[in-house]
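**Student:** Here it is: the structure, laid out below.
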Protein chains: 2
Amino acid sequence: MKQRLFTPGPTPLPEDVKLSQAREIIHHRTNQFKQVFQEVEEGLKYVFQTNNDVFLFTSSGTGAMEATVANLLSPEDEVLVISGGKFGERWTEIIKAFGGKVTLLDNEWGKGVDPLLVEKKISQNPEIKAVFTQLVETSTGVAYDIETLGKILEGTPAVLVVDAISGLCAQPLHTDKWRVDAVIGGSQKALMIPPGLAFVAISEKAWKLVENSTSPKYYWDFRKARNALAKFQTPYTPAVSLICALRDSLRLLKKEGLEKVVKRHAELAQATREAILAMGLKIFGENPSNVVTSVALPPQIDEKKLRKLMQARFGVQVAGGQDSLAGKIIRIAHLGWMDASDIIVVISALEMALLELGYSVELGKGLRAAEEVFGEFRGV
Amino acid sequence: MKQRLFTPGPTPLPEDVKLSQAREIIHHRTNQFKQVFQEVEEGLKYVFQTNNDVFLFTSSGTGAMEATVANLLSPEDEVLVISGGKFGERWTEIIKAFGGKVTLLDNEWGKGVDPLLVEKKISQNPEIKAVFTQLVETSTGVAYDIETLGKILEGTPAVLVVDAISGLCAQPLHTDKWRVDAVIGGSQKALMIPPGLAFVAISEKAWKLVENSTSPKYYWDFRKARNALAKFQTPYTPAVSLICALRDSLRLLKKEGLEKVVKRHAELAQATREAILAMGLKIFGENPSNVVTSVALPPQIDEKKLRKLMQARFGVQVAGGQDSLAGKIIRIAHLGWMDASDIIVVISALEMALLELGYSVELGKGLRAAEEVFGEFRGV
């Protein structure tokens with residue numbers, strides 16, 4: 001059966017990216033590889049909107065989160081974590097594993113960030129060295145206002161660390177303009193390549209913390225990464241086939257243009273939301289992102305049954321809720337190699353599956369709402 | 001120009017492996033993935049020759065080395081490192097980064113391990129918790145006698161940790177029979193897939209250290225890896241396309257049979273050595289491995305020029321010496337997806353390039369010596 005991924009990573013792959021990986025491997029200590037890596041580094045700076053170095057790690061996104069903690073912090077360092085979901089919690093877990101002292105701004109899952117509260121916490125505790133949060137909290141679909149956080153931290157000693165693993169290229173992000181000191185990205189999201197690579201963009205303000213950090217690290221050491229990057233190399237043998245695929249996906253993104261890529265994601269997200277509302281369902285969470293739409297399920301609908309049915313009947317894979325949201329929401333990703341027709345497919349599968357499970361919905365109603373959004377964008 | 005890799009990783013890829021990566025990505029939290037991962041885990045146990053859990057990490061081999069240190073040791077722990085090259089030195093660097101106290105058995109590069117010396121060090125210091133070494137020291141090509149080390153450590157409190165990144169499937173290795181407590185493997189060697197995955201097989205004796213380790217870790221945490229593995233999962237989104245490729249390469253290895261795979265490597269290595277000797281050159285180092293042959297260059301031959309010429313004229317890429325061996329040796333890998341004809345190709349390129357650089361060699365002499373080895377194995 002034809003399978004279609006609407007999960008917030010891995011996401012579908014463009015043909016160029018798939019075929020890129022089928023090419024013969026090249027050796028990483030060659031000029032041939034250096035040329036690829038130089039193009040990748042330039043492309044990463046473009047999508048991160050930064051002139052900072054962007055370090056590449058062969059790892060999951062979580063690895064680059066750990067790398068950032070291990071390089072910026074020393075044991076006993078005070079930090080603020082703004083958390084409102086599974087990935088906010090992950091920051092706290094990693095920082096505690098490395099002996100950091102966490103002040104937690106623990107938002108209810110689905111709620112946005114109150115900038116005033118952040119400002120207060122920072123002014124109350126001048127020892128805070130870093131503020132950790134997400135661009136998009138993938139477990140809820142909520143987007144955070146990073147621009148405002150950047151303004152709050154400007155002029156303070158604290159650096160701003162943003163996990164943009166799911167948000168990069170889908171949600172607006174201006175690393176330099178917004179003064180974000182550390183931005184983490186991952187490969188299997190809007191970058192449209194398989195999982196296995198992760199990225200960290202580091203500002204000069206953050207680099208001062210790197211120079212003073214005493215946390216143990218070797219594989220993740222930013223100093224080694226920076227020395228290697230100066231020669232368009234990585235300290236250890238990287239995932240060469242994925243880097244070549246990334247070169248090709250960055251070309252596609254550059255060709256489309258970052259602004260248009262983000263706008264496409266915004267349009268797909270809006271159409272999804274309008275369709276959901278037209279079906280009489282509710283969107284879970286404030287300030288929904290361009291990455292993933294969380295749909296609050298009516299109490300009579302069994303989430304597992306719904307997802308199984310969508311998959312079994314239509315090959316459509318959406319994500320469920322995680323941890324405290326398990327069984328309560330489904331998450332529809334509109335992320336990466338996606339267009340209007342993909343949204344039509346997932347909404348159609350959802351309409352039909354919900355009807356079959358006894359939810360009263362007029363077939364075609366969600367689809368029509370989505371079409372109206374796409375028509376509006378296209379001036380129909 | 002047709003390119004041919006004779007480097008000790010990355011190594012050439014079988015067609016099945018290349019095409020495997022071109023397939024559409026699958027989601028990692030599905031039964032479809034679990035089936036792949038279960039088959040991979042069984043295949044890894046087979047090639048490691050172990051019933052221990054084999055944890056898979058999305059990282060370079062060095063990441064799995066760090067993972068092993070971070071999980072087995074606590075700060076101030078005493079260890080013995082048996083080092084005789086760049087990768088032995090890497091053990092020391094990682095362990096020191098994590099606060100371990102290293103007793104160093106610092107062998108001259110190219111020399112083997114003296115088991116009596118190891119026995120002495122262990123009996124002198126009963127505080128030693130672990131002994132770290134290599135199956136094959138890739139920077140010199142020397143194979144270490146792991147079987148004897150296993151016997152020495154049996155019945156002592158110390159665990160035996162072996163970096164088998166380059167040696168796995170090429171050099172004999174019986175993890176359980178030889179009582180090796182931690183074995184590290186990498187993907188881009190005889191496993192015949194691109195770089196990006198690394199593995200650690202952990203014994204119950206080593207697991208006791210894991211339970212008591214206080215070193216900071218999150219991404220590398222073996223406890224999380226073990227919990228996930230019980231459900232044929234990884235704690236974080238792994239490099240799915242590489243895992244699917246690994247499933248296919250493990251099928252090839254299983255079909256050929258591990259014993260035959262190792263024997264093939266032994267034959268290719270022997271033919272390479274005989275060819276080198278027939279050309280009047282010397283093998284660098286004692287106890288040369290099945291992985292890579294280090295050729296001591298005559299003083300009049302410029303290593304960089306030689307490698308450049310082989311690459312420019314014949315598309316043949318061999319490795320140079322590292323660190324203290326830079327300029328003094330070339331390293332010819334006969335690793336992974338390789339057969340007799342590949343050895344013929346690299347020896348021919350070497351003969352012709354050496355002659356062009358003014359080294360007196362009778363063309364065809366090395367080739368003939370290699371053919372005689374292959375003929376002998378085939379009963380000609």
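Going through the structure tokens in order, the chains are called A, B, and so on, while each chain numbers its residues from 1 and the ligands are numbered from 1 in the order shown.
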After a least-squares superposition on chain B over all sequentially paired C-alpha atoms, what is chain A as a compact mmCIF listing (two decimals) with C-alpha atoms, in the first residue's frame?
**Tutor:**
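Okay, this is what ended up in out.txt:
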# COMPACT_ATOMS: atom_id res chain seq x y z
CA MET A 1 36.84 9.12 -13.59
CA LYS A 2 35.96 5.82 -11.97
CA GLN A 3 36.82 6.14 -8.27
CA ARG A 4 37.86 3.19 -6.12
CA LEU A 5 38.18 3.45 -2.34
CA PHE A 6 40.93 1.51 -0.58
CA THR A 7 40.60 3.55 2.59
CA PRO A 8 39.91 2.04 6.01
CA GLY A 9 36.44 3.58 6.04
CA PRO A 10 34.34 4.67 4.30
CA THR A 11 34.53 1.52 2.17
CA PRO A 12 32.76 0.69 -1.12
CA LEU A 13 29.03 -0.07 -0.96
CA PRO A 14 27.24 -3.10 -2.42
CA GLU A 15 24.47 -2.19 -4.86
CA ASP A 16 21.74 -3.46 -2.51
CA VAL A 17 22.98 -1.10 0.17
CA LYS A 18 23.11 1.89 -2.15
CA LEU A 19 19.63 1.29 -3.49
CA SER A 20 18.27 0.57 -0.03
CA GLN A 21 18.96 4.15 0.95
CA ALA A 22 17.06 5.45 -2.08
CA ARG A 23 13.82 3.97 -0.76
CA GLU A 24 11.15 6.16 0.82
CA ILE A 25 11.80 6.75 4.51
CA ILE A 26 9.76 4.84 7.09
CA HIS A 27 8.72 6.14 10.49
CA HIS A 28 10.68 4.76 13.44
CA ARG A 29 7.72 4.38 15.82
CA THR A 30 5.98 1.74 13.71
CA ASN A 31 5.81 -2.05 13.57
CA GLN A 32 7.42 -1.84 10.15
CA PHE A 33 10.53 -0.29 11.70
CA LYS A 34 10.50 -2.63 14.70
CA GLN A 35 10.69 -5.59 12.34
CA VAL A 36 13.68 -4.05 10.58
CA PHE A 37 15.37 -3.25 13.88
CA GLN A 38 14.76 -6.74 15.27
CA GLU A 39 16.43 -8.25 12.21
CA VAL A 40 19.31 -5.76 12.55
CA GLU A 41 19.78 -6.62 16.24
CA GLU A 42 19.88 -10.35 15.44
CA GLY A 43 22.36 -9.70 12.64
CA LEU A 44 24.56 -7.57 14.89
CA LYS A 45 24.63 -10.31 17.54
CA TYR A 46 25.72 -12.71 14.82
CA VAL A 47 28.59 -10.56 13.53
CA PHE A 48 29.68 -9.64 17.08
CA GLN A 49 29.39 -13.34 18.03
CA THR A 50 27.53 -12.49 21.20
CA ASN A 51 24.32 -13.01 23.09
CA ASN A 52 24.79 -9.65 24.81
CA ASP A 53 22.65 -6.68 23.90
CA VAL A 54 24.15 -4.65 21.08
CA PHE A 55 23.16 -0.99 21.37
CA LEU A 56 22.94 1.11 18.24
CA PHE A 57 23.81 4.81 18.20
CA THR A 58 23.40 7.35 15.45
CA SER A 59 26.96 8.67 15.55
CA SER A 60 30.50 8.15 14.33
CA GLY A 61 32.47 5.31 15.93
CA THR A 62 34.08 7.85 18.25
CA GLY A 63 30.64 8.61 19.65
CA ALA A 64 30.22 4.98 20.71
CA MET A 65 33.71 5.07 22.27
CA GLU A 66 32.62 8.09 24.32
CA ALA A 67 29.34 6.36 25.17
CA THR A 68 31.26 3.39 26.55
CA VAL A 69 33.48 5.59 28.70
CA ALA A 70 30.55 7.69 29.97
CA ASN A 71 28.52 4.58 30.88
CA LEU A 72 31.20 2.32 32.35
CA LEU A 73 33.30 4.82 34.29
CA SER A 74 32.87 7.39 37.01
CA PRO A 75 35.27 10.31 37.57
CA GLU A 76 38.52 9.23 39.28
CA ASP A 77 38.11 5.60 38.16
CA GLU A 78 41.40 3.83 37.41
CA VAL A 79 41.81 2.24 34.01
CA LEU A 80 44.51 0.69 31.86
CA VAL A 81 44.84 1.79 28.25
CA ILE A 82 46.85 -0.37 25.87
CA SER A 83 47.78 2.04 23.13
CA GLY A 84 49.92 1.77 20.02
CA GLY A 85 48.49 4.29 17.61
CA LYS A 86 46.03 7.08 17.00
CA PHE A 87 42.98 5.19 18.18
CA GLY A 88 44.65 3.95 21.35
CA GLU A 89 45.46 7.59 22.05
CA ARG A 90 41.81 8.41 21.45
CA TRP A 91 40.81 6.11 24.33
CA THR A 92 43.15 8.02 26.63
CA GLU A 93 41.83 11.39 25.46
CA ILE A 94 38.19 10.43 25.98
CA ILE A 95 38.80 8.82 29.38
CA LYS A 96 40.73 11.87 30.59
CA ALA A 97 37.96 14.16 29.30
CA PHE A 98 35.62 12.24 31.64
CA GLY A 99 37.97 12.45 34.62
CA GLY A 100 39.31 8.88 34.54
CA LYS A 101 42.80 8.03 35.77
CA VAL A 102 44.78 6.36 33.01
CA THR A 103 47.64 3.91 33.44
CA LEU A 104 49.12 3.83 29.97
CA LEU A 105 50.77 0.86 28.29
CA ASP A 106 52.24 2.98 25.57
CA ASN A 107 53.50 0.68 22.82
CA GLU A 108 55.62 2.02 20.03
CA TRP A 109 53.40 2.52 16.96
CA GLY A 110 53.50 -0.71 14.97
CA LYS A 111 54.33 -2.98 17.91
CA GLY A 112 52.02 -5.64 19.32
CA VAL A 113 50.84 -6.01 22.90
CA ASP A 114 52.95 -7.90 25.46
CA PRO A 115 50.37 -9.89 27.46
CA LEU A 116 52.79 -10.38 30.37
CA LEU A 117 53.05 -6.63 30.79
CA VAL A 118 49.28 -6.35 30.90
CA GLU A 119 49.09 -9.13 33.50
CA LYS A 120 51.69 -7.32 35.59
CA LYS A 121 49.91 -3.97 35.45
CA ILE A 122 46.63 -5.58 36.43
CA SER A 123 48.10 -7.47 39.37
CA GLN A 124 50.01 -4.35 40.51
CA ASN A 125 46.84 -2.28 40.61
CA PRO A 126 43.66 -4.11 41.69
CA GLU A 127 41.81 -0.79 41.49
CA ILE A 128 41.82 -0.97 37.70
CA LYS A 129 38.20 -1.17 36.61
CA ALA A 130 38.65 -1.54 32.89
CA VAL A 131 41.22 -2.21 30.19
CA PHE A 132 40.77 -0.33 26.93
CA THR A 133 42.33 -1.35 23.62
CA GLN A 134 41.71 -2.04 19.91
CA LEU A 135 41.02 -5.19 17.92
CA VAL A 136 42.87 -3.54 15.06
CA GLU A 137 44.77 -0.26 15.46
CA THR A 138 43.70 1.29 12.16
CA SER A 139 46.47 3.89 12.16
CA THR A 140 49.16 1.18 11.96
CA GLY A 141 47.28 -1.87 10.68
CA VAL A 142 48.39 -3.93 13.69
CA ALA A 143 46.00 -6.55 15.13
CA TYR A 144 46.01 -7.11 18.89
CA ASP A 145 45.64 -10.46 20.61
CA ILE A 146 42.27 -9.94 22.25
CA GLU A 147 41.77 -13.63 23.04
CA THR A 148 44.80 -13.63 25.37
CA LEU A 149 43.71 -10.37 26.99
CA GLY A 150 40.33 -11.96 27.68
CA LYS A 151 42.02 -14.85 29.44
CA ILE A 152 44.16 -12.48 31.53
CA LEU A 153 41.17 -10.47 32.71
CA GLU A 154 38.93 -13.46 33.39
CA GLY A 155 38.38 -13.72 37.12
CA THR A 156 39.72 -10.20 37.78
CA PRO A 157 37.37 -7.31 38.58
CA ALA A 158 38.49 -5.46 35.43
CA VAL A 159 36.38 -5.46 32.28
CA LEU A 160 37.84 -5.68 28.78
CA VAL A 161 36.78 -2.93 26.36
CA VAL A 162 37.69 -3.39 22.70
CA ASP A 163 37.33 -0.87 19.91
CA ALA A 164 36.57 -3.20 17.00
CA ILE A 165 35.38 -0.37 14.77
CA SER A 166 37.63 -1.30 11.85
CA GLY A 167 38.13 -4.96 12.74
CA LEU A 168 34.56 -6.22 13.00
CA CYS A 169 33.83 -8.89 10.32
CA ALA A 170 37.38 -8.63 8.95
CA GLN A 171 39.44 -9.87 11.89
CA PRO A 172 38.42 -12.91 13.98
CA LEU A 173 36.44 -11.74 17.00
CA HIS A 174 34.48 -13.94 19.40
CA THR A 175 32.96 -11.53 21.88
CA ASP A 176 31.42 -14.11 24.21
CA LYS A 177 33.97 -16.92 23.84
CA TRP A 178 36.85 -14.50 24.43
CA ARG A 179 34.97 -12.75 27.25
CA VAL A 180 35.11 -9.26 25.84
CA ASP A 181 32.87 -7.07 27.99
CA ALA A 182 32.40 -4.12 25.68
CA VAL A 183 32.90 -4.21 21.93
CA ILE A 184 32.52 -1.11 19.79
CA GLY A 185 31.69 -1.33 16.08
CA GLY A 186 31.15 1.16 13.26
CA SER A 187 29.09 1.08 10.09
CA GLN A 188 31.47 2.27 7.37
CA LYS A 189 33.94 -0.63 7.54
CA ALA A 190 33.34 -4.32 6.81
CA LEU A 191 29.63 -3.80 7.56
CA MET A 192 29.59 -2.16 4.11
CA ILE A 193 27.23 0.74 4.78
CA PRO A 194 27.94 4.48 4.93
CA PRO A 195 29.23 6.12 8.12
CA GLY A 196 26.62 7.26 10.65
CA LEU A 197 25.90 4.26 12.87
CA ALA A 198 27.95 2.86 15.75
CA PHE A 199 27.39 -0.10 18.04
CA VAL A 200 28.30 -1.26 21.52
CA ALA A 201 27.91 -4.86 22.79
CA ILE A 202 27.83 -4.96 26.59
CA SER A 203 28.31 -8.00 28.89
CA GLU A 204 26.63 -8.49 32.24
CA LYS A 205 29.99 -7.91 33.93
CA ALA A 206 30.20 -4.52 32.24
CA TRP A 207 26.58 -3.81 33.08
CA LYS A 208 27.46 -3.71 36.78
CA LEU A 209 29.74 -0.75 36.02
CA VAL A 210 26.92 0.89 34.05
CA GLU A 211 24.67 0.67 37.11
CA ASN A 212 27.25 2.43 39.28
CA SER A 213 28.53 5.02 36.82
CA THR A 214 28.10 8.66 37.83
CA SER A 215 29.50 10.26 34.66
CA PRO A 216 27.06 12.70 33.05
CA LYS A 217 25.27 11.35 29.96
CA TYR A 218 21.92 11.52 28.28
CA TYR A 219 22.11 10.74 24.55
CA TRP A 220 24.57 7.93 25.24
CA ASP A 221 22.78 6.47 28.27
CA PHE A 222 22.95 2.66 28.00
CA ARG A 223 20.05 2.27 30.44
CA LYS A 224 17.77 4.19 28.08
CA ALA A 225 19.18 2.21 25.13
CA ARG A 226 18.47 -1.10 26.88
CA ASN A 227 14.90 -0.14 27.77
CA ALA A 228 14.22 0.94 24.20
CA LEU A 229 15.92 -2.13 22.69
CA ALA A 230 13.56 -4.42 24.63
CA LYS A 231 10.83 -2.99 22.35
CA PHE A 232 13.12 -2.96 19.27
CA GLN A 233 13.34 0.80 19.46
CA THR A 234 15.97 3.48 20.05
CA PRO A 235 15.48 6.24 22.64
CA TYR A 236 15.76 9.01 19.99
CA THR A 237 15.01 9.23 16.27
CA PRO A 238 17.75 7.08 14.71
CA ALA A 239 19.28 7.23 11.22
CA VAL A 240 16.44 5.20 9.69
CA SER A 241 17.79 5.02 6.13
CA LEU A 242 21.14 3.73 7.38
CA ILE A 243 19.43 1.15 9.59
CA CYS A 244 17.48 -0.13 6.58
CA ALA A 245 20.74 -0.28 4.62
CA LEU A 246 22.33 -2.18 7.51
CA ARG A 247 19.51 -4.72 7.44
CA ASP A 248 20.37 -5.36 3.79
CA SER A 249 24.15 -5.52 4.33
CA LEU A 250 23.71 -7.90 7.28
CA ARG A 251 21.70 -10.16 4.96
CA LEU A 252 24.62 -10.21 2.54
CA LEU A 253 27.07 -11.02 5.35
CA LYS A 254 24.83 -13.75 6.71
CA LYS A 255 24.45 -15.26 3.24
CA GLU A 256 28.21 -15.34 2.73
CA GLY A 257 28.71 -16.60 6.29
CA LEU A 258 30.83 -14.78 8.89
CA GLU A 259 33.64 -17.32 8.81
CA LYS A 260 33.94 -16.98 5.04
CA VAL A 261 33.78 -13.20 5.27
CA VAL A 262 36.72 -13.16 7.68
CA LYS A 263 38.58 -15.71 5.53
CA ARG A 264 38.05 -13.53 2.45
CA HIS A 265 39.56 -10.58 4.30
CA ALA A 266 42.50 -12.74 5.42
CA GLU A 267 43.11 -13.82 1.83
CA LEU A 268 42.94 -10.28 0.45
CA ALA A 269 45.33 -9.11 3.17
CA GLN A 270 47.78 -11.92 2.50
CA ALA A 271 47.76 -11.27 -1.24
CA THR A 272 48.38 -7.57 -0.59
CA ARG A 273 51.30 -8.31 1.72
CA GLU A 274 52.88 -10.81 -0.69
CA ALA A 275 52.57 -8.30 -3.51
CA ILE A 276 54.17 -5.56 -1.41
CA LEU A 277 57.08 -7.81 -0.44
CA ALA A 278 57.54 -8.97 -4.05
CA MET A 279 57.90 -5.32 -5.04
CA GLY A 280 60.80 -5.01 -2.61
CA LEU A 281 58.83 -2.93 -0.13
CA LYS A 282 58.36 -3.59 3.57
CA ILE A 283 55.22 -4.08 5.63
CA PHE A 284 55.05 -1.62 8.52
CA GLY A 285 54.26 -3.08 11.93
CA GLU A 286 53.99 -6.42 13.67
CA ASN A 287 51.06 -8.80 13.35
CA PRO A 288 49.45 -7.08 10.36
CA SER A 289 45.65 -7.26 10.32
CA ASN A 290 43.11 -8.35 7.73
CA VAL A 291 41.79 -4.79 7.70
CA VAL A 292 44.53 -2.61 6.29
CA THR A 293 48.11 -3.13 5.15
CA SER A 294 50.62 -0.44 6.06
CA VAL A 295 53.38 -0.14 3.50
CA ALA A 296 56.67 1.39 4.68
CA LEU A 297 57.73 3.75 1.92
CA PRO A 298 61.33 3.96 0.70
CA PRO A 299 62.82 7.31 1.78
CA GLN A 300 63.02 8.62 -1.80
CA ILE A 301 59.27 8.27 -2.31
CA ASP A 302 57.07 11.23 -1.40
CA GLU A 303 53.89 9.82 0.15
CA LYS A 304 51.66 12.70 -0.91
CA LYS A 305 52.92 12.58 -4.49
CA LEU A 306 52.41 8.82 -4.59
CA ARG A 307 48.84 8.97 -3.34
CA LYS A 308 48.01 11.89 -5.62
CA LEU A 309 49.39 10.05 -8.62
CA MET A 310 47.46 6.86 -7.82
CA GLN A 311 44.31 8.89 -7.51
CA ALA A 312 44.84 11.15 -10.52
CA ARG A 313 45.91 8.42 -12.93
CA PHE A 314 43.84 5.45 -11.77
CA GLY A 315 41.13 6.81 -9.44
CA VAL A 316 42.61 4.65 -6.69
CA GLN A 317 42.38 6.15 -3.21
CA VAL A 318 44.59 4.76 -0.45
CA ALA A 319 45.23 6.35 2.95
CA GLY A 320 48.40 8.02 4.19
CA GLY A 321 50.02 7.74 7.60
CA GLN A 322 48.57 9.71 10.50
CA ASP A 323 50.40 11.89 13.03
CA SER A 324 53.90 10.45 13.62
CA LEU A 325 53.55 8.16 10.59
CA ALA A 326 52.58 10.96 8.18
CA GLY A 327 54.74 10.72 5.06
CA LYS A 328 56.25 7.40 6.11
CA ILE A 329 53.60 4.87 5.15
CA ILE A 330 50.61 4.39 2.93
CA ARG A 331 47.72 2.27 4.11
CA ILE A 332 45.87 0.01 1.71
CA ALA A 333 42.53 -1.13 3.09
CA HIS A 334 41.10 -4.45 1.93
CA LEU A 335 37.94 -4.00 3.87
CA GLY A 336 34.30 -4.67 3.24
CA TRP A 337 32.87 -5.04 -0.26
CA MET A 338 36.17 -6.23 -1.77
CA ASP A 339 37.40 -9.17 -3.77
CA ALA A 340 40.55 -10.45 -5.46
CA SER A 341 40.13 -8.19 -8.50
CA ASP A 342 40.09 -5.13 -6.26
CA ILE A 343 43.48 -6.12 -4.88
CA ILE A 344 44.81 -6.58 -8.42
CA VAL A 345 43.64 -3.04 -9.19
CA VAL A 346 45.32 -1.38 -6.20
CA ILE A 347 48.59 -3.29 -6.61
CA SER A 348 48.70 -2.44 -10.30
CA ALA A 349 48.14 1.26 -9.58
CA LEU A 350 50.86 1.15 -6.92
CA GLU A 351 53.38 -0.56 -9.24
CA MET A 352 52.84 1.94 -12.01
CA ALA A 353 52.85 4.99 -9.75
CA LEU A 354 56.02 3.88 -7.93
CA LEU A 355 57.81 3.30 -11.24
CA GLU A 356 56.79 6.74 -12.45
CA LEU A 357 58.16 8.28 -9.24
CA GLY A 358 61.54 6.63 -9.87
CA TYR A 359 61.32 3.58 -7.62
CA SER A 360 62.87 0.58 -9.31
CA VAL A 361 60.19 -2.09 -9.62
CA GLU A 362 59.57 -4.74 -12.26
CA LEU A 363 56.06 -4.17 -13.54
CA GLY A 364 53.78 -7.13 -12.89
CA LYS A 365 55.89 -8.58 -10.11
CA GLY A 366 53.56 -7.56 -7.30
CA LEU A 367 50.54 -8.61 -9.34
CA ARG A 368 52.01 -12.04 -9.93
CA ALA A 369 52.61 -12.52 -6.21
CA ALA A 370 49.01 -11.57 -5.47
CA GLU A 371 47.74 -13.95 -8.14
CA GLU A 372 49.77 -16.76 -6.65
CA VAL A 373 48.06 -16.23 -3.29
CA PHE A 374 44.62 -16.19 -4.85
CA GLY A 375 45.48 -19.29 -6.90
CA GLU A 376 46.67 -21.08 -3.81
CA PHE A 377 43.41 -20.32 -1.99
CA ARG A 378 41.48 -21.55 -4.99
CA GLY A 379 43.68 -24.62 -5.48
CA VAL A 380 45.11 -23.51 -8.86
**Student:** Which residues in stretch 125-211 of chain B does DSSP call strand (DSSP E or B)? List them as a count of residues only.
**Tutor:** 27
**Student:** Mind checking DSSP for stretch 23-176 of chain A and telling me the alpha helix (DSSP H) residues as a PyMOL selection string?
**Tutor:** chain A and resi 31-48+61-72+86-97+115-124+146-153
